[in-house]
>>> print(open('query-v2.pdb').read())   # PDB, C-alpha atoms and all ligand atoms
ATOM      1  CA  MET A  30       2.124  12.530 -18.244
ATOM      2  CA  ALA A  31       3.649  12.973 -21.677
ATOM      3  CA  THR A  32       5.584  16.022 -20.427
ATOM      4  CA  GLN A  33       6.859  14.120 -17.387
ATOM      5  CA  GLU A  34       8.007  11.186 -19.480
ATOM      6  CA  THR A  35       9.774  13.540 -21.814
ATOM      7  CA  ALA A  36      11.564  15.178 -18.881
ATOM      8  CA  VAL A  37      12.736  11.763 -17.618
ATOM      9  CA  THR A  38      13.709  10.610 -21.095
ATOM     10  CA  ARG A  39      15.643  13.806 -21.705
ATOM     11  CA  ARG A  40      17.409  13.618 -18.337
ATOM     12  CA  LEU A  41      18.386   9.981 -18.884
ATOM     13  CA  GLN A  42      19.291  10.312 -22.554
ATOM     14  CA  ASN A  43      22.966   9.590 -21.868
ATOM     15  CA  VAL A  44      22.377   6.669 -19.499
ATOM     16  CA  LYS A  45      23.223   3.451 -21.336
ATOM     17  CA  HIS A  46      21.708   0.830 -19.005
ATOM     18  CA  VAL A  47      19.204   1.068 -16.166
ATOM     19  CA  ILE A  48      19.199  -1.998 -13.885
ATOM     20  CA  LEU A  49      16.403  -2.421 -11.326
ATOM     21  CA  VAL A  50      17.281  -4.597  -8.338
ATOM     22  CA  LEU A  51      14.162  -6.423  -7.138
ATOM     23  CA  ALA A  52      13.369  -8.755  -4.255
ATOM     24  CA  GLY A  53      10.057 -10.315  -3.344
ATOM     25  CA  LYS A  54      10.726 -10.109   0.371
ATOM     26  CA  GLY A  55      12.352  -7.631   2.781
ATOM     27  CA  GLY A  56      15.716  -8.308   4.332
ATOM     28  CA  VAL A  57      17.065 -10.702   1.689
ATOM     29  CA  GLY A  58      19.945  -8.345   0.896
ATOM     30  CA  LYS A  59      18.597  -6.334  -2.035
ATOM     31  CA  SER A  60      20.298  -3.110  -0.934
ATOM     32  CA  SER A  61      23.610  -4.832  -0.245
ATOM     33  CA  VAL A  62      23.444  -6.494  -3.670
ATOM     34  CA  SER A  63      22.603  -3.113  -5.277
ATOM     35  CA  THR A  64      25.605  -1.580  -3.507
ATOM     36  CA  GLN A  65      27.901  -4.415  -4.557
ATOM     37  CA  LEU A  66      26.617  -4.309  -8.131
ATOM     38  CA  ALA A  67      27.310  -0.568  -8.314
ATOM     39  CA  LEU A  68      30.799  -0.982  -6.796
ATOM     40  CA  ASN A  69      31.700  -3.830  -9.151
ATOM     41  CA  LEU A  70      30.398  -1.998 -12.222
ATOM     42  CA  TYR A  71      32.399   1.058 -11.122
ATOM     43  CA  ASN A  72      35.467  -1.091 -10.750
ATOM     44  CA  SER A  73      34.934  -2.882 -14.073
ATOM     45  CA  SER A  74      36.928  -0.186 -15.883
ATOM     46  CA  SER A  75      38.777   2.958 -14.932
ATOM     47  CA  THR A  76      36.293   5.045 -16.879
ATOM     48  CA  ALA A  77      32.966   3.381 -15.996
ATOM     49  CA  ARG A  78      30.434   5.925 -14.776
ATOM     50  CA  VAL A  79      27.787   4.529 -12.449
ATOM     51  CA  GLY A  80      24.762   5.917 -10.624
ATOM     52  CA  ILE A  81      22.864   4.347  -7.766
ATOM     53  CA  LEU A  82      19.338   5.483  -7.008
ATOM     54  CA  ASP A  83      17.635   4.380  -3.797
ATOM     55  CA  VAL A  84      13.869   4.350  -4.266
ATOM     56  CA  ASP A  85      13.274   2.285  -1.150
ATOM     57  CA  LEU A  86      11.507   5.383   0.159
ATOM     58  CA  THR A  87      10.407   4.011   3.517
ATOM     59  CA  GLY A  88      13.686   2.233   4.304
ATOM     60  CA  PRO A  89      16.547   3.972   2.490
ATOM     61  CA  SER A  90      19.777   2.173   3.389
ATOM     62  CA  ILE A  91      22.055   3.043   0.466
ATOM     63  CA  PRO A  92      23.525   6.246   2.047
ATOM     64  CA  ARG A  93      24.495   4.252   5.164
ATOM     65  CA  MET A  94      26.050   1.462   3.105
ATOM     66  CA  PHE A  95      28.162   3.995   1.203
ATOM     67  CA  GLY A  96      29.024   5.769   4.472
ATOM     68  CA  VAL A  97      27.536   9.077   3.272
ATOM     69  CA  ASP A  98      24.424   9.234   5.419
ATOM     70  CA  ASN A  99      25.434  12.598   6.864
ATOM     71  CA  HIS A 100      25.529  14.181   3.417
ATOM     72  CA  GLY A 101      22.821  16.280   1.848
ATOM     73  CA  VAL A 102      22.091  17.059  -1.773
ATOM     74  CA  HIS A 103      21.778  20.575  -3.068
ATOM     75  CA  GLN A 104      19.746  22.124  -5.827
ATOM     76  CA  SER A 105      21.542  23.829  -8.674
ATOM     77  CA  SER A 106      19.873  25.766 -11.476
ATOM     78  CA  SER A 107      19.977  22.591 -13.593
ATOM     79  CA  GLY A 108      18.698  20.154 -10.956
ATOM     80  CA  TRP A 109      19.708  18.231  -7.855
ATOM     81  CA  VAL A 110      23.390  17.406  -7.636
ATOM     82  CA  PRO A 111      23.839  13.757  -6.525
ATOM     83  CA  VAL A 112      26.371  12.789  -3.853
ATOM     84  CA  TYR A 113      29.577  11.531  -5.480
ATOM     85  CA  VAL A 114      30.641   8.743  -3.158
ATOM     86  CA  ASP A 115      34.073   8.259  -4.762
ATOM     87  CA  GLY A 116      35.356  11.764  -4.065
ATOM     88  CA  PRO A 117      37.103  13.760  -6.784
ATOM     89  CA  SER A 118      36.847  11.040  -9.477
ATOM     90  CA  ALA A 119      33.097  11.736  -9.508
ATOM     91  CA  ARG A 120      32.267   8.530 -11.365
ATOM     92  CA  LEU A 121      29.898   7.044  -8.761
ATOM     93  CA  ALA A 122      26.803   9.153  -8.140
ATOM     94  CA  CYS A 123      24.309   8.364  -5.404
ATOM     95  CA  MET A 124      20.793   9.678  -4.762
ATOM     96  CA  SER A 125      18.395   8.678  -2.010
ATOM     97  CA  VAL A 126      15.453  10.050  -0.093
ATOM     98  CA  GLY A 127      17.749   9.573   2.915
ATOM     99  CA  PHE A 128      19.639  12.716   1.829
ATOM    100  CA  LEU A 129      16.439  14.750   2.048
ATOM    101  CA  LEU A 130      15.416  13.781   5.586
ATOM    102  CA  LYS A 131      16.200  16.269   8.370
ATOM    103  CA  ASN A 132      17.178  13.504  10.799
ATOM    104  CA  LYS A 133      18.559  10.071   9.977
ATOM    105  CA  GLY A 134      15.856   8.352  12.051
ATOM    106  CA  ASP A 135      12.914  10.208  10.431
ATOM    107  CA  SER A 136      10.405   7.969   8.734
ATOM    108  CA  VAL A 137       8.783   8.655   5.400
ATOM    109  CA  VAL A 138       5.018   8.243   5.684
ATOM    110  CA  TRP A 139       3.735   9.162   2.244
ATOM    111  CA  ARG A 140       0.751   8.125   0.218
ATOM    112  CA  GLY A 141       1.094   6.754  -3.314
ATOM    113  CA  PRO A 142       0.853  10.065  -5.242
ATOM    114  CA  LYS A 143       3.611  11.691  -3.171
ATOM    115  CA  LYS A 144       5.877   8.669  -3.616
ATOM    116  CA  ASN A 145       5.153   8.730  -7.331
ATOM    117  CA  GLY A 146       6.088  12.435  -7.486
ATOM    118  CA  MET A 147       9.343  11.801  -5.598
ATOM    119  CA  ILE A 148      10.344   8.988  -7.958
ATOM    120  CA  ARG A 149       9.603  11.157 -10.970
ATOM    121  CA  GLN A 150      11.768  13.909  -9.497
ATOM    122  CA  PHE A 151      14.619  11.477  -8.817
ATOM    123  CA  LEU A 152      14.534  10.464 -12.473
ATOM    124  CA  SER A 153      13.906  13.836 -14.070
ATOM    125  CA  ASP A 154      15.538  16.384 -11.743
ATOM    126  CA  VAL A 155      18.808  14.739 -10.664
ATOM    127  CA  ARG A 156      21.843  15.718 -12.743
ATOM    128  CA  TRP A 157      22.828  12.150 -13.605
ATOM    129  CA  GLY A 158      24.881  13.213 -16.626
ATOM    130  CA  ASP A 159      26.557  10.506 -18.737
ATOM    131  CA  LEU A 160      26.279   7.110 -17.073
ATOM    132  CA  ASP A 161      27.177   3.637 -18.257
ATOM    133  CA  TYR A 162      24.899   2.113 -15.639
ATOM    134  CA  LEU A 163      22.172   3.371 -13.347
ATOM    135  CA  VAL A 164      21.408   0.814 -10.614
ATOM    136  CA  ILE A 165      18.025   1.302  -8.915
ATOM    137  CA  ASP A 166      17.460  -0.209  -5.466
ATOM    138  CA  THR A 167      13.693  -0.758  -5.217
ATOM    139  CA  PRO A 168      11.529  -1.485  -2.152
ATOM    140  CA  PRO A 169      10.774  -5.128  -1.307
ATOM    141  CA  GLY A 170       7.812  -6.722  -3.090
ATOM    142  CA  THR A 171       6.063  -5.142  -6.012
ATOM    143  CA  SER A 172       4.423  -1.926  -4.944
ATOM    144  CA  ASP A 173       3.357   1.525  -6.128
ATOM    145  CA  GLU A 174       7.035   2.455  -6.413
ATOM    146  CA  HIS A 175       7.658  -0.285  -8.991
ATOM    147  CA  LEU A 176       4.670   0.766 -11.047
ATOM    148  CA  SER A 177       5.795   4.413 -10.881
ATOM    149  CA  LEU A 178       9.262   3.448 -12.055
ATOM    150  CA  MET A 179       7.917   1.480 -15.003
ATOM    151  CA  GLU A 180       5.597   4.339 -15.940
ATOM    152  CA  HIS A 181       8.261   7.045 -15.781
ATOM    153  CA  LEU A 182      10.896   4.916 -17.512
ATOM    154  CA  ALA A 183       8.584   3.878 -20.364
ATOM    155  CA  GLY A 184      10.404   6.199 -22.772
ATOM    156  CA  ILE A 185      13.686   4.314 -22.302
ATOM    157  CA  HIS A 186      12.222   0.806 -22.085
ATOM    158  CA  SER A 187      14.857  -0.698 -24.398
ATOM    159  CA  ARG A 188      17.579   0.249 -21.890
ATOM    160  CA  LEU A 189      15.811  -1.266 -18.855
ATOM    161  CA  SER A 190      16.486  -4.608 -17.194
ATOM    162  CA  ALA A 191      16.221  -6.212 -13.766
ATOM    163  CA  VAL A 192      18.078  -8.481 -11.389
ATOM    164  CA  ILE A 193      16.101 -10.510  -8.825
ATOM    165  CA  VAL A 194      17.595 -11.225  -5.391
ATOM    166  CA  THR A 195      16.390 -14.079  -3.201
ATOM    167  CA  THR A 196      17.572 -16.198  -0.291
ATOM    168  CA  PRO A 197      17.451 -19.999  -0.461
ATOM    169  CA  GLN A 198      14.429 -20.441   1.842
ATOM    170  CA  ALA A 199      11.165 -21.623   0.266
ATOM    171  CA  VAL A 200       9.217 -18.584   1.461
ATOM    172  CA  ALA A 201      11.711 -16.169  -0.124
ATOM    173  CA  LEU A 202      11.638 -18.147  -3.363
ATOM    174  CA  MET A 203       7.846 -17.961  -3.451
ATOM    175  CA  ASP A 204       8.082 -14.189  -3.113
ATOM    176  CA  ALA A 205      10.803 -14.067  -5.790
ATOM    177  CA  MET A 206       8.317 -15.815  -8.108
ATOM    178  CA  LYS A 207       5.870 -12.927  -7.519
ATOM    179  CA  CYS A 208       8.618 -10.514  -8.552
ATOM    180  CA  LEU A 209       9.237 -12.544 -11.661
ATOM    181  CA  SER A 210       5.569 -12.488 -12.594
ATOM    182  CA  PHE A 211       5.607  -8.684 -12.129
ATOM    183  CA  THR A 212       8.509  -8.383 -14.583
ATOM    184  CA  ARG A 213       6.596 -10.520 -17.067
ATOM    185  CA  ALA A 214       3.436  -8.465 -16.646
ATOM    186  CA  VAL A 215       5.295  -5.218 -17.380
ATOM    187  CA  ASN A 216       7.582  -6.745 -20.004
ATOM    188  CA  LEU A 217      10.783  -5.992 -18.072
ATOM    189  CA  PRO A 218      13.738  -8.179 -19.180
ATOM    190  CA  VAL A 219      15.360 -10.063 -16.294
ATOM    191  CA  LEU A 220      19.150 -10.456 -16.436
ATOM    192  CA  GLY A 221      18.979 -13.239 -13.862
ATOM    193  CA  LEU A 222      18.641 -14.362 -10.283
ATOM    194  CA  ILE A 223      21.107 -13.981  -7.383
ATOM    195  CA  GLU A 224      20.844 -16.251  -4.339
ATOM    196  CA  ASN A 225      22.073 -14.257  -1.344
ATOM    197  CA  MET A 226      22.859 -15.556   2.169
ATOM    198  CA  SER A 227      23.491 -18.939   0.619
ATOM    199  CA  GLY A 228      25.805 -20.661   3.114
ATOM    200  CA  TYR A 229      28.152 -19.002   5.581
ATOM    201  CA  VAL A 230      31.783 -17.918   5.138
ATOM    202  CA  CYS A 231      33.850 -19.034   8.119
ATOM    203  CA  PRO A 232      35.698 -15.938   9.391
ATOM    204  CA  CYS A 233      38.637 -18.158  10.456
ATOM    205  CA  CYS A 234      39.381 -20.187   7.348
ATOM    206  CA  GLY A 235      37.111 -18.747   4.637
ATOM    207  CA  GLU A 236      35.407 -22.090   4.052
ATOM    208  CA  ILE A 237      31.743 -21.798   2.980
ATOM    209  CA  SER A 238      29.379 -24.042   4.978
ATOM    210  CA  ASN A 239      25.717 -24.588   4.204
ATOM    211  CA  VAL A 240      23.782 -23.711   7.335
ATOM    212  CA  PHE A 241      20.367 -23.740   5.679
ATOM    213  CA  SER A 242      19.286 -25.339   2.439
ATOM    214  CA  THR A 243      20.886 -23.984  -0.718
ATOM    215  CA  GLY A 244      20.214 -24.456  -4.399
ATOM    216  CA  GLY A 245      16.597 -23.222  -4.412
ATOM    217  CA  GLY A 246      17.615 -20.280  -6.596
ATOM    218  CA  VAL A 247      19.326 -22.517  -9.157
ATOM    219  CA  GLU A 248      16.234 -24.698  -9.269
ATOM    220  CA  MET A 249      13.895 -21.728  -9.687
ATOM    221  CA  ALA A 250      16.112 -20.292 -12.438
ATOM    222  CA  ARG A 251      16.120 -23.644 -14.260
ATOM    223  CA  LYS A 252      12.339 -24.028 -14.062
ATOM    224  CA  GLU A 253      11.655 -20.452 -15.130
ATOM    225  CA  GLU A 254      14.355 -20.374 -17.837
ATOM    226  CA  LEU A 255      16.161 -17.541 -16.100
ATOM    227  CA  ARG A 256      19.891 -17.114 -15.941
ATOM    228  CA  PHE A 257      21.305 -18.005 -12.519
ATOM    229  CA  LEU A 258      23.827 -15.236 -11.802
ATOM    230  CA  GLY A 259      25.429 -16.802  -8.712
ATOM    231  CA  THR A 260      25.369 -17.191  -4.967
ATOM    232  CA  LEU A 261      26.655 -14.987  -2.148
ATOM    233  CA  PRO A 262      27.170 -16.487   1.317
ATOM    234  CA  VAL A 263      26.563 -14.789   4.654
ATOM    235  CA  ASP A 264      29.787 -12.834   5.034
ATOM    236  CA  THR A 265      30.531 -11.155   8.366
ATOM    237  CA  GLU A 266      33.268  -9.044   6.773
ATOM    238  CA  LEU A 267      30.741  -7.636   4.306
ATOM    239  CA  VAL A 268      28.433  -6.668   7.186
ATOM    240  CA  SER A 269      31.202  -4.789   8.952
ATOM    241  CA  VAL A 270      32.023  -2.919   5.732
ATOM    242  CA  LEU A 271      28.430  -2.059   4.778
ATOM    243  CA  ASP A 272      26.844  -1.626   8.207
ATOM    244  CA  GLY A 273      29.831  -0.318  10.144
ATOM    245  CA  GLY A 274      29.959   3.017   8.355
ATOM    246  CA  GLN A 275      33.009   4.180   6.480
ATOM    247  CA  THR A 276      35.628   6.477   7.819
ATOM    248  CA  ASP A 277      37.981   8.703   5.938
ATOM    249  CA  GLU A 278      40.824   7.538   8.162
ATOM    250  CA  GLU A 279      42.133   5.167   5.531
ATOM    251  CA  ASN A 280      44.608   6.672   3.164
ATOM    252  CA  SER A 281      42.181   6.503   0.266
ATOM    253  CA  ALA A 282      39.731   8.798  -1.427
ATOM    254  CA  PHE A 283      37.252   5.940  -1.522
ATOM    255  CA  PRO A 284      37.680   3.804   1.636
ATOM    256  CA  LEU A 285      34.525   1.762   0.967
ATOM    257  CA  LEU A 286      35.927   0.355  -2.272
ATOM    258  CA  GLU A 287      39.242  -0.451  -0.627
ATOM    259  CA  ARG A 288      37.603  -2.167   2.355
ATOM    260  CA  TYR A 289      35.026  -3.968   0.210
ATOM    261  CA  SER A 290      37.697  -5.322  -2.149
ATOM    262  CA  LYS A 291      39.222  -7.268   0.786
ATOM    263  CA  THR A 292      35.994  -9.135   1.654
ATOM    264  CA  PRO A 293      35.237 -12.692   0.470
ATOM    265  CA  SER A 294      32.053 -11.273  -1.133
ATOM    266  CA  ALA A 295      34.067  -8.996  -3.449
ATOM    267  CA  LYS A 296      35.850 -11.985  -4.973
ATOM    268  CA  LEU A 297      32.616 -13.955  -5.355
ATOM    269  CA  PHE A 298      30.812 -10.974  -6.867
ATOM    270  CA  GLN A 299      33.277 -10.851  -9.757
ATOM    271  CA  GLU A 300      31.703 -13.996 -11.217
ATOM    272  CA  ILE A 301      28.242 -12.489 -10.721
ATOM    273  CA  LEU A 302      29.351  -9.301 -12.470
ATOM    274  CA  LYS A 303      30.604 -11.309 -15.472
ATOM    275  CA  ALA A 304      27.221 -13.055 -15.695
ATOM    276  CA  VAL A 305      25.357  -9.732 -15.401
ATOM    277  CA  LEU A 306      27.461  -8.170 -18.187
ATOM    278  CA  ASP A 307      26.962 -11.265 -20.386
ATOM    279  CA  SER A 308      23.214 -11.059 -19.858
ATOM    280  CA  LEU A 309      23.231  -7.365 -20.726
ATOM    281  CA  VAL A 310      25.034  -8.089 -23.988
ATOM    282  CA  ALA A 311      22.627 -10.936 -24.804
ATOM    283  CA  LYS A 312      19.520  -8.877 -23.978
TER     284      LYS A 312
HETATM  285  N1  LIG A 401      25.576 -11.827   2.045
HETATM  286  C1  LIG A 401      25.436 -11.208   3.202
HETATM  287  N2  LIG A 401      26.223 -11.514   4.254
HETATM  288  C2  LIG A 401      26.072 -10.894   5.442
HETATM  289  N3  LIG A 401      25.174  -9.949   5.673
HETATM  290  C3  LIG A 401      24.367  -9.588   4.673
HETATM  291  C4  LIG A 401      24.446 -10.186   3.383
HETATM  292  N4  LIG A 401      23.508  -9.603   2.590
HETATM  293  C5  LIG A 401      22.886  -8.683   3.352
HETATM  294  N5  LIG A 401      23.394  -8.672   4.590
HETATM  295  C6  LIG A 401      22.995  -7.824   5.734
HETATM  296  O1  LIG A 401      21.630  -8.084   6.010
HETATM  297  C7  LIG A 401      20.939  -6.875   6.355
HETATM  298  C8  LIG A 401      19.795  -6.652   5.367
HETATM  299  O2  LIG A 401      20.367  -6.441   4.085
HETATM  300  P1  LIG A 401      19.801  -5.382   3.063
HETATM  301  O3  LIG A 401      19.509  -4.079   3.751
HETATM  302  O4  LIG A 401      20.676  -5.385   1.886
HETATM  303  O5  LIG A 401      18.423  -6.112   2.725
HETATM  304  P2  LIG A 401      17.174  -5.593   1.901
HETATM  305  O6  LIG A 401      16.615  -6.787   1.207
HETATM  306  O7  LIG A 401      17.557  -4.440   1.056
HETATM  307  O8  LIG A 401      16.231  -5.106   3.064
HETATM  308  P3  LIG A 401      14.933  -4.139   3.009
HETATM  309  O9  LIG A 401      13.829  -5.012   3.468
HETATM  310  O10 LIG A 401      15.280  -3.057   3.997
HETATM  311  O11 LIG A 401      14.773  -3.621   1.634
HETATM  312  C9  LIG A 401      21.993  -5.774   6.314
HETATM  313  O12 LIG A 401      22.486  -5.608   7.609
HETATM  314  C10 LIG A 401      23.080  -6.333   5.386
HETATM  315  O13 LIG A 401      24.374  -5.828   5.650
HETATM  316  S1  LIG A 402      35.218 -23.958   8.861
HETATM  317 FE1  LIG A 402      37.133 -24.704   9.650
HETATM  318  S2  LIG A 402      38.147 -22.927  10.652
HETATM  319 FE2  LIG A 402      36.026 -22.406  10.232
HETATM  320  S3  LIG A 402      35.049 -22.836  12.159
HETATM  321 FE3  LIG A 402      34.782 -24.648  10.880
HETATM  322  S4  LIG A 402      36.518 -25.930  11.385
HETATM  323 FE4  LIG A 402      36.964 -23.908  12.205
END
>>> encode(input="query-v2.pdb", output="structure tokens")
Amino acid sequence: MATQETAVTRRLQNVKHVILVLAGKGGVGKSSVSTQLALNLYNSSSTARVGILDVDLTGPSIPRMFGVDNHGVHQSSSGWVPVYVDGPSARLACMSVGFLLKNKGDSVVWRGPKKNGMIRQFLSDVRWGDLDYLVIDTPPGTSDEHLSLMEHLAGIHSRLSAVIVTTPQAVALMDAMKCLSFTRAVNLPVLGLIENMSGYVCPCCGEISNVFSTGGGVEMARKEELRFLGTLPVDTELVSVLDGGQTDEENSAFPLLERYSKTPSAKLFQEILKAVLDSLVAK
């Protein structure tokens, strides 16, 4: 184990911050928040270097969200080369088990030890290089994958933190509490809580209406002395950008960023990004 940890520590020596995105429950928007966090961090300065690692091994959705699900990764003598989703700028690196599957629809049916080995390889064998931020999209709940991550990242514990994503419903909040207790058990600092799918953005006028209850995330954050990072409504424009697949038709090297920047979510995420960066400084 010591050798493995050293390999991970060595590989990630020039990664300044590693941010795990957690959610207690599936489908609350953890992958879309991970994608938006990576895009906003990338956009936070013209030199920011960002990586996104998808360790949701049984349901990898990051390649599809970035519109690179037909790409593969290749091995070089110094490790796997990630997919650079921003073209020639090569400041936004992406790695996912999705790149290793023969067919998009293939499922990954692995036992714990194999998943653990894959996560170790993602951390120790990918040529991440110098990164300001590495965002890790984790599976829902707290599973073997989370324990593997904590074990392999032990050597860089001071650079680790987490963001918890929930929806406003009581059942999602209960599951978010389980996530929070996991972070406390493993001594993982939490930057704060994001309430996703909180209200609905009208596609006609942009007004945000509350279809279901909202405010559960704020209340949980208050009770648990967590920072509340902000809310994101259900945004149909975001869905068409993240789920519709990107094309290279637009006159841009990075059509996803251009299309995302026009969504209501992009504007709202700027406040969340500020809160995330503040929390990182205060950590
Ligand atoms: N704020 C939002 N507005 C509209 N659609 C959203 C929003 N957040 C997420 N979605 C959509 O909901 C679906 C599920 O989101 P996502 O894949 O991010 O969830 P998840 O929590 O990562 O799910 P999983 O259980 O697969 O880990 C996707 O189609 C995504 O585009
Ligand atoms: S929010 Fe305004 S524009 Fe949107 S559907 Fe309702 S009334 Fe119409």
>>> residues_near_point(input="query-v2.pdb", point="(19.4, 19.9, -4.7)", cutoff="12 Å", atoms="all atoms listed in the file", output="list in words")
His100, Gly101, Val102, His103, Gln104, Ser105, Ser106, Ser107, Gly108, Trp109, Val110, Pro111, Val112, Met124, Ser125, Val126, Phe128, Leu129, Gln150, Phe151, Asp154, Val155 and Arg156 of chain A
>>> write_last_selection(input="query-v2.pdb", atoms="C-alpha atoms", output="PDB file, keeping the file's coordinate frame")
ATOM      1  CA  HIS A 100      25.529  14.181   3.417  1.00  0.00           C
ATOM      2  CA  GLY A 101      22.821  16.280   1.848  1.00  0.00           C
ATOM      3  CA  VAL A 102      22.091  17.059  -1.773  1.00  0.00           C
ATOM      4  CA  HIS A 103      21.778  20.575  -3.068  1.00  0.00           C
ATOM      5  CA  GLN A 104      19.746  22.124  -5.827  1.00  0.00           C
ATOM      6  CA  SER A 105      21.542  23.829  -8.674  1.00  0.00           C
ATOM      7  CA  SER A 106      19.873  25.766 -11.476  1.00  0.00           C
ATOM      8  CA  SER A 107      19.977  22.591 -13.593  1.00  0.00           C
ATOM      9  CA  GLY A 108      18.698  20.154 -10.956  1.00  0.00           C
ATOM     10  CA  TRP A 109      19.708  18.231  -7.855  1.00  0.00           C
ATOM     11  CA  VAL A 110      23.390  17.406  -7.636  1.00  0.00           C
ATOM     12  CA  PRO A 111      23.839  13.757  -6.525  1.00  0.00           C
ATOM     13  CA  VAL A 112      26.371  12.789  -3.853  1.00  0.00           C
ATOM     14  CA  MET A 124      20.793   9.678  -4.762  1.00  0.00           C
ATOM     15  CA  SER A 125      18.395   8.678  -2.010  1.00  0.00           C
ATOM     16  CA  VAL A 126      15.453  10.050  -0.093  1.00  0.00           C
ATOM     17  CA  PHE A 128      19.639  12.716   1.829  1.00  0.00           C
ATOM     18  CA  LEU A 129      16.439  14.750   2.048  1.00  0.00           C
ATOM     19  CA  GLN A 150      11.768  13.909  -9.497  1.00  0.00           C
ATOM     20  CA  PHE A 151      14.619  11.477  -8.817  1.00  0.00           C
ATOM     21  CA  ASP A 154      15.538  16.384 -11.743  1.00  0.00           C
ATOM     22  CA  VAL A 155      18.808  14.739 -10.664  1.00  0.00           C
ATOM     23  CA  ARG A 156      21.843  15.718 -12.743  1.00  0.00           C
TER      24      ARG A 156
END
>>> closest_residue(input="query-v2.pdb", among="A:Ile165, A:Leu220, A:Val57, A:Met147", to="Ala201 (chain A)", atoms="all atoms listed in the file")
A:Val57
>>> axis_aligned_box(input="query-v2.pdb", around="ligand LIG 402 (chain A)", padding_each_side="6 Å", output="JSON")
{"center_x": 36.5, "center_y": -24.2, "center_z": 10.5, "size_x": 15.4, "size_y": 15.5, "size_z": 15.3}
>>> residues_near_ligand(input="query-v2.pdb", ligand="ligand LIG 402 (chain A)", cutoff="6 Å", atoms="only C-alpha atoms and all ligand atoms", output="list in words")
Cys231, Cys233, Cys234 and Glu236 of chain A
>>> residues_near_ligand(input="query-v2.pdb", ligand="ligand LIG 401 (chain A)", cutoff="9 Å", atoms="all atoms listed in the file", output="ChimeraX atom specification")
/A:51-64,85,87-91,94,166-170,194-195,225-230,260-273,294
>>> atom_distance(input="query-v2.pdb", atom1="CA of Leu255 (chain A)", atom2="CA of Thr243 (chain A)")
17.3 Å
>>> resolve_selection(input="query-v2.pdb", expression="the PyMOL selection byres (((chain A and resi 206) around 12) and not hetatm)", output="NGL selection string")
:A and (51-54 or 170-171 or 193-195 or 199-205 or 207-213 or 222 or 245-246 or 248-250 or 252-253 or 255)
>>> atom_distance(input="query-v2.pdb", atom1="CA of Glu287 (chain A)", atom2="CA of Arg78 (chain A)")
17.8 Å
>>> atom_distance(input="query-v2.pdb", atom1="CA of Tyr289 (chain A)", atom2="CA of Asp98 (chain A)")
17.7 Å
>>> residues_around(input="query-v2.pdb", residues="Leu163 (chain A)", least_positions_apart="5", cutoff="6 Å", atoms="only C-alpha atoms", output="number ranges by chain")
A: 47, 79-81
>>> resolve_selection(input="query-v2.pdb", expression="the PyMOL selection byres (((chain A and resi 141) around 12) and not hetatm)", output="PyMOL selection string")
chain A and resi 86-87+137-140+142-148+172-177
